[in-house]
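Beneath this line is the structure, given in structure tokens, with notes to follow.
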Amino acid sequence: MRKVAVFATMLAILLALVLPATASAQLPGPVLVGTVTIDGAAAATGTVVEALVGTTSIGSATTPITGGAAGSFRIEGASNSALVGQAVTFRVTAPGGVAVAGTATPAVTYAQATAVTGIAVAATSVPPT
């Protein structure tokens, strides 16, 4: 009988340690991969591409991806279950330039643990004033 009681106690301790960790585990954020153009040309090296949901930044990257083509980017987005299903927009900042909105094709929706590839972000530079 004592063996059963010891086993039950050990099982209870194990479950107490494992279940909270499982319940609090969070899915990773999205991975967004694509290319960015400014005025129709591949973005210059050092261009920053930022992904946003509303005004919340979910991540950014600097072009190009190591070993990638000009204008290529890969953003490993932050995990936030409250953002699931909302539209992702992009802000593009060329080196020494002004941040401008970029239009993504196809449109991107926030989803956790998802990779979205083939995103084409087009931005238009702001003329100096």
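Letters for chains follow the order of the structure tokens (A, B, ...), residue numbers begin at 1 for each chain, and ligand numbers begin at 1 in the order shown.
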
Residues of segment 16-109 of chain A in helix (DSSP H, G or I), written as a VMD selection string: chain A and resid 16 to 24 81 to 83

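Candidate residues A:Pro106, A:Gly59, A:Gly46, A:Gly29 were compared for distance to Arg74 of chain A, and the nearest is A:Gly59, using only C-alpha atoms.
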
Proximity to Gly118 of chain A - best of A:Gly77, A:Pro28, A:Gly34, A:Pro64, only C-alpha atoms: A:Gly34

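Minimum atom-to-atom distances from A:Ala115, A:Val126, A:Ala82, A:Ala107 to Ala94 of chain A were compared using only C-alpha atoms, and the lowest value belongs to A:Val126.
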
Which of segment 26-95 of chain A fall in strand (DSSP E or B), as an MDAnalysis selection string: chainID A and resid 31:38 41:42 48:53 56:62 72:76 87:93
